[in-house]
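Colleague: Following this line is query-v7.cif, made up of mmCIF, C-alpha atoms:
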```
data_model
loop_
_atom_site.label_atom_id
_atom_site.label_comp_id
_atom_site.auth_asym_id
_atom_site.auth_seq_id
_atom_site.Cartn_x
_atom_site.Cartn_y
_atom_site.Cartn_z
CA MET A 1 26.56 20.49 3.05
CA ASN A 2 23.02 19.32 2.46
CA PRO A 3 21.63 18.92 6.02
CA LEU A 4 20.03 15.60 5.16
CA ARG A 5 23.30 14.17 3.87
CA ALA A 6 25.13 15.58 6.89
CA TYR A 7 22.69 13.82 9.21
CA PHE A 8 23.03 10.58 7.26
CA ASP A 9 26.84 10.63 7.39
CA ALA A 10 26.84 11.32 11.13
CA ASN A 11 24.04 8.86 11.93
CA ARG A 12 24.69 6.48 14.79
CA GLY A 13 21.02 5.97 15.56
CA PRO A 14 18.33 3.86 13.87
CA LEU A 15 19.27 2.26 10.56
CA LEU A 16 19.01 4.43 7.44
CA ASN A 17 19.20 2.91 3.96
CA LYS A 18 19.22 5.52 1.16
CA TRP A 19 20.61 6.09 -2.32
CA LEU A 20 22.94 9.04 -1.82
CA HIS A 21 21.56 11.14 -4.65
CA TYR A 22 18.15 11.18 -2.94
CA PHE A 23 19.26 13.79 -0.41
CA ASP A 24 19.56 16.61 -2.94
CA ILE A 25 16.15 15.70 -4.36
CA TYR A 26 14.57 15.72 -0.90
CA ASP A 27 16.12 19.05 -0.04
CA HIS A 28 15.06 20.62 -3.33
CA HIS A 29 11.39 19.77 -2.77
CA PHE A 30 11.14 19.83 1.02
CA ALA A 31 13.32 22.76 2.14
CA ARG A 32 10.43 25.25 2.11
CA PHE A 33 8.66 23.24 4.82
CA ARG A 34 11.47 23.37 7.39
CA GLY A 35 10.54 24.94 10.72
CA ARG A 36 6.84 24.94 9.84
CA ASP A 37 3.78 23.08 11.11
CA VAL A 38 4.19 20.51 8.38
CA VAL A 39 2.35 17.19 8.25
CA MET A 40 4.41 14.49 6.54
CA LEU A 41 3.08 11.01 5.86
CA GLU A 42 5.72 8.42 5.04
CA ILE A 43 4.73 4.97 3.82
CA GLY A 44 7.36 2.42 4.79
CA VAL A 45 9.39 3.25 7.89
CA TYR A 46 11.64 0.15 7.99
CA HIS A 47 13.91 0.47 11.06
CA GLY A 48 12.75 3.98 11.96
CA GLY A 49 15.85 5.77 10.73
CA SER A 50 13.98 7.93 8.24
CA LEU A 51 11.59 9.18 10.91
CA ALA A 52 14.55 10.38 12.97
CA LEU A 53 15.98 11.99 9.84
CA TRP A 54 12.79 13.95 9.17
CA LYS A 55 12.48 15.06 12.80
CA SER A 56 15.97 16.49 12.60
CA TYR A 57 15.35 18.13 9.23
CA PHE A 58 11.90 19.66 9.71
CA GLY A 59 12.16 20.53 13.39
CA SER A 60 9.93 20.16 16.42
CA ARG A 61 6.82 21.70 14.82
CA ALA A 62 6.50 18.90 12.26
CA ARG A 63 3.96 16.13 12.69
CA LEU A 64 5.14 12.83 11.22
CA VAL A 65 2.86 9.93 10.33
CA GLY A 66 4.60 6.64 9.61
CA VAL A 67 2.66 3.92 7.81
CA ASP A 68 3.96 0.36 7.73
CA ILE A 69 2.63 -3.15 7.27
CA ASN A 70 4.85 -4.53 10.05
CA PRO A 71 3.35 -4.14 13.57
CA ARG A 72 6.89 -3.81 14.98
CA ALA A 73 6.92 -0.27 13.59
CA ARG A 74 4.73 0.81 16.52
CA GLN A 75 7.88 1.11 18.62
CA PHE A 76 8.83 4.28 16.71
CA ALA A 77 5.81 6.27 17.92
CA ASP A 78 6.44 9.24 20.19
CA ASP A 79 5.04 12.72 20.87
CA GLN A 80 5.94 13.82 17.33
CA VAL A 81 5.42 10.57 15.43
CA THR A 82 2.20 8.63 14.88
CA ILE A 83 2.47 5.07 13.57
CA VAL A 84 -0.36 3.46 11.60
CA ILE A 85 -0.23 -0.22 10.67
CA GLY A 86 -1.78 -1.33 7.40
CA ASP A 87 -1.34 -2.51 3.82
CA GLN A 88 -0.89 0.24 1.24
CA SER A 89 -2.42 -1.95 -1.48
CA ASN A 90 -5.70 -2.02 0.48
CA ARG A 91 -7.89 0.84 -0.73
CA ASP A 92 -10.13 0.73 2.35
CA PHE A 93 -7.09 1.13 4.59
CA LEU A 94 -5.80 4.06 2.53
CA ARG A 95 -9.19 5.75 2.69
CA SER A 96 -9.21 5.33 6.46
CA LEU A 97 -6.01 7.40 6.59
CA LEU A 98 -7.89 10.30 5.06
CA LEU A 99 -10.29 10.32 8.00
CA GLN A 100 -7.38 10.70 10.42
CA TRP A 101 -5.23 13.00 8.29
CA PRO A 102 -7.41 15.06 5.94
CA ARG A 103 -4.48 17.37 5.16
CA ILE A 104 -1.02 16.09 4.28
CA ASP A 105 1.69 18.53 3.24
CA ILE A 106 4.22 15.92 2.13
CA LEU A 107 3.49 12.33 1.18
CA LEU A 108 6.52 10.11 0.65
CA ASP A 109 5.84 6.62 -0.69
CA ASP A 110 8.77 4.41 0.31
CA GLY A 111 6.64 1.34 0.86
CA GLY A 112 6.56 -1.99 -0.93
CA HIS A 113 7.54 -0.52 -4.34
CA SER A 114 5.26 -2.79 -6.38
CA MET A 115 3.30 -1.29 -9.26
CA GLU A 116 0.00 -2.14 -7.59
CA GLN A 117 1.06 -0.48 -4.34
CA GLN A 118 2.42 2.69 -5.92
CA ILE A 119 -0.49 3.23 -8.30
CA THR A 120 -3.18 2.34 -5.76
CA THR A 121 -1.65 4.64 -3.16
CA PHE A 122 -1.43 7.51 -5.64
CA GLU A 123 -5.02 7.08 -6.77
CA GLU A 124 -6.31 7.09 -3.21
CA LEU A 125 -4.06 9.64 -1.48
CA TYR A 126 -2.98 12.21 -4.05
CA GLY A 127 -6.13 14.21 -3.39
CA ALA A 128 -5.35 14.39 0.34
CA VAL A 129 -2.09 16.26 -0.26
CA ALA A 130 -2.45 19.96 0.52
CA PRO A 131 -2.91 22.41 -2.39
CA ASN A 132 0.72 23.51 -2.07
CA GLY A 133 2.11 20.15 -1.00
CA VAL A 134 4.38 17.50 -2.49
CA TYR A 135 3.66 13.91 -3.48
CA MET A 136 6.87 11.91 -3.89
CA VAL A 137 7.48 8.26 -4.75
CA GLU A 138 10.94 6.81 -4.38
CA ASP A 139 12.66 3.65 -5.59
CA THR A 140 10.73 3.86 -8.85
CA HIS A 141 13.47 1.83 -10.53
CA THR A 142 11.23 -1.12 -9.65
CA SER A 143 9.15 -0.01 -12.65
CA TYR A 144 11.78 -1.87 -14.69
CA TRP A 145 11.73 -5.06 -12.60
CA PRO A 146 9.25 -7.82 -13.54
CA GLU A 147 9.12 -9.20 -9.99
CA TYR A 148 7.51 -5.92 -8.91
CA GLY A 149 5.09 -5.89 -11.83
CA GLY A 150 7.27 -3.62 -13.98
CA GLY A 151 9.33 -3.97 -17.13
CA LEU A 152 10.99 -1.71 -19.69
CA GLU A 153 8.27 0.28 -21.46
CA GLY A 154 5.74 -1.73 -19.53
CA GLY A 155 2.32 -0.15 -19.83
CA ASN A 156 1.37 -1.03 -16.25
CA SER A 157 4.45 0.35 -14.51
CA PHE A 158 4.27 3.35 -12.22
CA LEU A 159 6.68 5.31 -14.41
CA GLU A 160 4.52 4.72 -17.47
CA TYR A 161 1.50 5.72 -15.39
CA THR A 162 3.10 9.03 -14.46
CA LYS A 163 4.22 9.65 -18.05
CA ARG A 164 0.55 9.57 -19.01
CA LEU A 165 -0.14 12.21 -16.37
CA THR A 166 1.77 14.73 -18.50
CA ASP A 167 -1.29 14.93 -20.73
CA GLN A 168 -3.31 15.96 -17.69
CA LEU A 169 -0.67 18.49 -16.72
CA ASN A 170 -1.07 20.07 -20.17
CA ALA A 171 -4.81 19.49 -20.38
CA TRP A 172 -5.75 23.02 -21.44
CA HIS A 173 -3.68 22.60 -24.61
CA VAL A 174 -5.13 19.25 -25.67
CA ARG A 175 -7.56 20.24 -28.40
CA GLU A 176 -9.46 16.97 -28.25
CA TRP A 177 -10.39 17.82 -24.63
CA LYS A 178 -11.49 21.38 -25.34
CA ASP A 179 -15.06 20.90 -24.12
CA GLN A 180 -14.30 18.44 -21.33
CA PRO A 181 -13.94 19.38 -17.66
CA ARG A 182 -10.39 19.33 -16.32
CA THR A 183 -9.44 16.55 -13.93
CA GLU A 184 -8.43 17.03 -10.32
CA PHE A 185 -4.84 16.43 -11.38
CA SER A 186 -5.02 19.06 -14.13
CA ARG A 187 -6.33 21.63 -11.66
CA SER A 188 -3.86 20.85 -8.89
CA ALA A 189 -0.52 19.63 -10.29
CA TRP A 190 2.04 22.34 -10.92
CA SER A 191 4.90 20.10 -12.03
CA ILE A 192 6.07 16.51 -12.38
CA SER A 193 9.79 15.90 -11.86
CA TRP A 194 11.41 12.62 -12.86
CA TYR A 195 14.75 11.72 -11.32
CA ASP A 196 16.77 8.56 -11.14
CA SER A 197 14.42 6.38 -9.08
CA ILE A 198 12.17 9.22 -7.84
CA VAL A 199 9.03 10.94 -9.11
CA ALA A 200 8.02 14.18 -7.39
CA ILE A 201 4.76 16.02 -8.03
CA GLU A 202 4.48 19.59 -6.77
CA LYS A 203 0.94 20.80 -6.21
CA ARG A 204 -0.35 24.33 -6.72
CA PRO A 205 -3.90 25.42 -7.56
CA LYS A 206 -4.19 26.08 -11.30
CA VAL A 207 -6.59 27.83 -13.62
CA ALA A 208 -6.54 27.96 -17.40
CA PRO A 209 -3.17 29.33 -18.55
CA GLU A 210 -3.20 32.82 -20.02
CA ALA A 211 -0.77 34.33 -22.52
CA ARG A 212 -0.27 38.10 -22.67
CA MET A 213 1.96 40.61 -24.39
CA THR A 214 3.48 43.78 -23.00
CA GLY A 215 5.79 46.35 -24.51
CA ARG A 216 6.06 47.22 -28.20
CA PRO A 217 7.47 45.30 -31.16
CA SER A 218 10.97 46.15 -32.38
CA PHE A 219 9.97 45.91 -36.05
CA LEU A 220 6.87 46.33 -38.20
CA ALA A 221 5.06 43.39 -39.71
CA LEU A 222 5.74 42.95 -43.42
CA ASP A 223 2.22 43.99 -44.39
CA GLU A 224 2.32 47.28 -42.46
#
```
So, in terms of structure tokens, how does the structure I just supplied come out?
Modeller:
Amino acid sequence: MNPLRAYFDANRGPLLNKWLHYFDIYDHHFARFRGRDVVMLEIGVYHGGSLALWKSYFGSRARLVGVDINPRARQFADDQVTIVIGDQSNRDFLRSLLLQWPRIDILLDDGGHSMEQQITTFEELYGAVAPNGVYMVEDTHTSYWPEYGGGLEGGNSFLEYTKRLTDQLNAWHVREWKDQPRTEFSRSAWSISWYDSIVAIEKRPKVAPEARMTGRPSFLALDE
């Protein structure tokens, strides 16, 4: 069984509130970090259950940073967990995180879920994620909910924002941009994965794509 789901089903500790299909998505993107000196920053720690989940999953070498707007979250700090109190829609606060944590291997945004919060956080913190790290936003179904600033096919929703990033992912093939410098996202994003209520961006340093041929053709061209 997926170890995250197994932990969730057996949990008798701090409250965990998760959509069940999230566990396979987490494991798919996070498994390679298990047992390593990983730094994970999670925005929105709620009752602390997710921090206990990640400690179990990643192991004792992981450093966890929990960010929450509620000062009561300080109670979850321990030798492995650092708690920082602040508002993720405040750009100055987000930039202050970079001074404390210049390298983040995994960033999981499970905060307030509004469009302003998700987009602001991405714009400020994506660059802090390590070159081979993961930036993940969950509960993106709020992109369809007007009370969070979303709406179906809404131009200002986080999902619509990430759809536009596909152009940056394919920037070397956009002829109109031929003579323009590539963006940080173009040079660093390896993939964007959309799931039900989750967007995951895998980072990997990129250079201009190169096509090659090897071997020999199995037939002659018509003009030969």
Colleague: Which one is closest to Gly127 in chain A: A:Ala208, A:Leu20, A:Met1, A:Leu107? Count only C-alpha atoms.
Modeller: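 That would be A:Leu107, the residue with the smallest distance to Gly127 in chain A.
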Colleague: Using CA of Lys206 in chain A and CA of Val65 in chain A as the two end points, give the distance in Å to one decimal.
Modeller: 27.9 Å
Colleague: Record the distance separating CA of Leu51 in chain A and CA of Asp79 in chain A, expressed in Å with one decimal.
Modeller: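 If I compute the distance from CA of Leu51 in chain A to CA of Asp79 in chain A, I get 12.4 Å.
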Colleague: Let me know the residues the PyMOL selection byres ((chain A and resi 5) around 10) catches in the file above, as a VMD selection string.
Modeller: chain A and resid 1 to 4 6 to 11 18 20 to 24 27 53
Colleague: Could you state the separation of CA of Met40 in chain A and CA of Trp54 in chain A in Å, given to one decimal place?
Modeller: 8.8 Å
Colleague: Enumerate, in order of chain and increasing residue number, the residues of range 118-202 of chain A with an atom no farther than 12 Å from range 36-39 of chain A, each with its shortest atom pair and distance in Å to one decimal, counting all atoms listed in the file, as a tab-separated table.
Modeller:
```
residue	atom	partner	partner_atom	distance
A:Ala128	CA	A:Val39	CA	11.4
A:Val129	CA	A:Val39	CA	9.6
A:Ala130	CA	A:Val39	CA	9.5
A:Asn132	CA	A:Val38	CA	11.4
A:Gly133	CA	A:Val38	CA	9.6
A:Val134	CA	A:Val39	CA	10.9
```
Colleague: Calculated over only C-alpha atoms, which of the candidates A:Gly151, A:Pro102, A:Gly112, A:Pro71 has the smallest distance to Ser89 in chain A?
Modeller: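 Smallest separation from Ser89 in chain A among the options: A:Gly112.
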Colleague: Within 9 Å of Trp172 in chain A, counting all atoms listed in the file, which residues qualify if same-chain residues fewer than 5 places away don't, as a ChimeraX atom specification?
Modeller: /A:177-178,182,186,208-209
Colleague: Given the file shown, enumerate the residues that the PyMOL selection byres ((chain A and resi 47) around 8) captures and present them as a list in words.
Modeller: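 Selected by the PyMOL selection byres ((chain A and resi 47) around 8) in this file: Pro14, Leu15, Leu16, Val45, Tyr46, Gly48, Gly49, Ser50 and Ala73 of chain A.
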Colleague: With C-alpha atoms retained, write the just-selected residues as a short mmCIF file (atom, residue, chain, number, x, y, z; two decimals), in the coordinates of the input.
Modeller:
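Once everything was written out, this is part_5.cif:
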```cif
data_model
loop_
_atom_site.label_atom_id
_atom_site.label_comp_id
_atom_site.auth_asym_id
_atom_site.auth_seq_id
_atom_site.Cartn_x
_atom_site.Cartn_y
_atom_site.Cartn_z
CA PRO A 14 18.33 3.86 13.87
CA LEU A 15 19.27 2.26 10.56
CA LEU A 16 19.01 4.43 7.44
CA VAL A 45 9.39 3.25 7.89
CA TYR A 46 11.64 0.15 7.99
CA GLY A 48 12.75 3.98 11.96
CA GLY A 49 15.85 5.77 10.73
CA SER A 50 13.98 7.93 8.24
CA ALA A 73 6.92 -0.27 13.59
#
```
Colleague: Taking (-6.0, 8.8, -12.5) in the file's own coordinates, collect the residues within 8 Å, counting all atoms listed in the file, and hand them back as a ChimeraX atom specification.
Modeller: /A:123,165,185
Colleague: Scan for residues within 10 Å of the point (4.3, 1.6, -14.8) in the coordinates of the file, using only C-alpha atoms, and reply as a list of chain:residue names.
Modeller: A:Ser114, A:Met115, A:Glu116, A:Gln118, A:Ile119, A:Thr140, A:Thr142, A:Ser143, A:Tyr144, A:Gly149, A:Gly150, A:Gly151, A:Leu152, A:Glu153, A:Gly154, A:Gly155, A:Asn156, A:Ser157, A:Phe158, A:Leu159, A:Glu160, A:Tyr161, A:Thr162, A:Lys163, A:Arg164
Colleague: So which residues touch Ser193 in chain A within 12 Å, counting all atoms listed in the file, skipping near sequence neighbours fewer than 6 positions away, as a PDB file with C-alpha atoms, in the coordinates of the input?
Modeller:
```pdb
ATOM      1  CA  ILE A  25      16.150  15.700  -4.360  1.00  0.00           C
ATOM      2  CA  TYR A  26      14.570  15.720  -0.900  1.00  0.00           C
ATOM      3  CA  HIS A  28      15.060  20.620  -3.330  1.00  0.00           C
ATOM      4  CA  HIS A  29      11.390  19.770  -2.770  1.00  0.00           C
ATOM      5  CA  VAL A 134       4.380  17.500  -2.490  1.00  0.00           C
ATOM      6  CA  TYR A 135       3.660  13.910  -3.480  1.00  0.00           C
ATOM      7  CA  MET A 136       6.870  11.910  -3.890  1.00  0.00           C
ATOM      8  CA  VAL A 137       7.480   8.260  -4.750  1.00  0.00           C
ATOM      9  CA  GLU A 138      10.940   6.810  -4.380  1.00  0.00           C
ATOM     10  CA  LEU A 159       6.680   5.310 -14.410  1.00  0.00           C
ATOM     11  CA  THR A 162       3.100   9.030 -14.460  1.00  0.00           C
ATOM     12  CA  LYS A 163       4.220   9.650 -18.050  1.00  0.00           C
ATOM     13  CA  LEU A 165      -0.140  12.210 -16.370  1.00  0.00           C
ATOM     14  CA  THR A 166       1.770  14.730 -18.500  1.00  0.00           C
ATOM     15  CA  LEU A 169      -0.670  18.490 -16.720  1.00  0.00           C
ATOM     16  CA  VAL A 199       9.030  10.940  -9.110  1.00  0.00           C
ATOM     17  CA  ALA A 200       8.020  14.180  -7.390  1.00  0.00           C
ATOM     18  CA  ILE A 201       4.760  16.020  -8.030  1.00  0.00           C
ATOM     19  CA  GLU A 202       4.480  19.590  -6.770  1.00  0.00           C
ATOM     20  CA  LYS A 203       0.940  20.800  -6.210  1.00  0.00           C
TER      21      LYS A 203
END
```
Colleague: What would the selection look like, as a ChimeraX atom specification, if the PyMOL selection byres ((chain A and resi 68) around 8) were run on the coordinates I just shared?
Modeller: /A:43-46,66-67,69-71,73,83-87,111
Colleague: Kindly export the residues of the current selection with C-alpha atoms, as a CSV table (one decimal), in the coordinates of the input.
Modeller:
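As a result, again-v4.csv now contains:
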```csv
chain,number,residue,atom,x,y,z
A,43,ILE,CA,4.7,5.0,3.8
A,44,GLY,CA,7.4,2.4,4.8
A,45,VAL,CA,9.4,3.2,7.9
A,46,TYR,CA,11.6,0.2,8.0
A,66,GLY,CA,4.6,6.6,9.6
A,67,VAL,CA,2.7,3.9,7.8
A,69,ILE,CA,2.6,-3.2,7.3
A,70,ASN,CA,4.8,-4.5,10.0
A,71,PRO,CA,3.4,-4.1,13.6
A,73,ALA,CA,6.9,-0.3,13.6
A,83,ILE,CA,2.5,5.1,13.6
A,84,VAL,CA,-0.4,3.5,11.6
A,85,ILE,CA,-0.2,-0.2,10.7
A,86,GLY,CA,-1.8,-1.3,7.4
A,87,ASP,CA,-1.3,-2.5,3.8
A,111,GLY,CA,6.6,1.3,0.9
```
Colleague: Can you work out which one of A:Asp139, A:Glu124, A:Phe58, A:Glu210 has the shortest atom-to-atom distance to His173 in chain A, counting only C-alpha atoms?
Modeller: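 Using only C-alpha atoms, the shortest distance to His173 in chain A belongs to A:Glu210.
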Colleague: With only C-alpha atoms as the atoms that count, which of A:Leu108, A:Val174, A:Leu125, A:Ile192 lies nearest to Phe30 in chain A?
Modeller: A:Leu108
Colleague: I'd like to know which of A:Leu41, A:Pro146, A:Thr121, A:Asn17 is closest to Val81 in chain A, using all atoms listed in the file.
Modeller: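 Smallest distance to Val81 in chain A is found for A:Leu41.
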Colleague: With distances taken over all atoms listed in the file, which residue among A:Arg187, A:Arg74, A:Arg63, A:Arg32 lies nearest Arg103 in chain A?
Modeller: A:Arg63
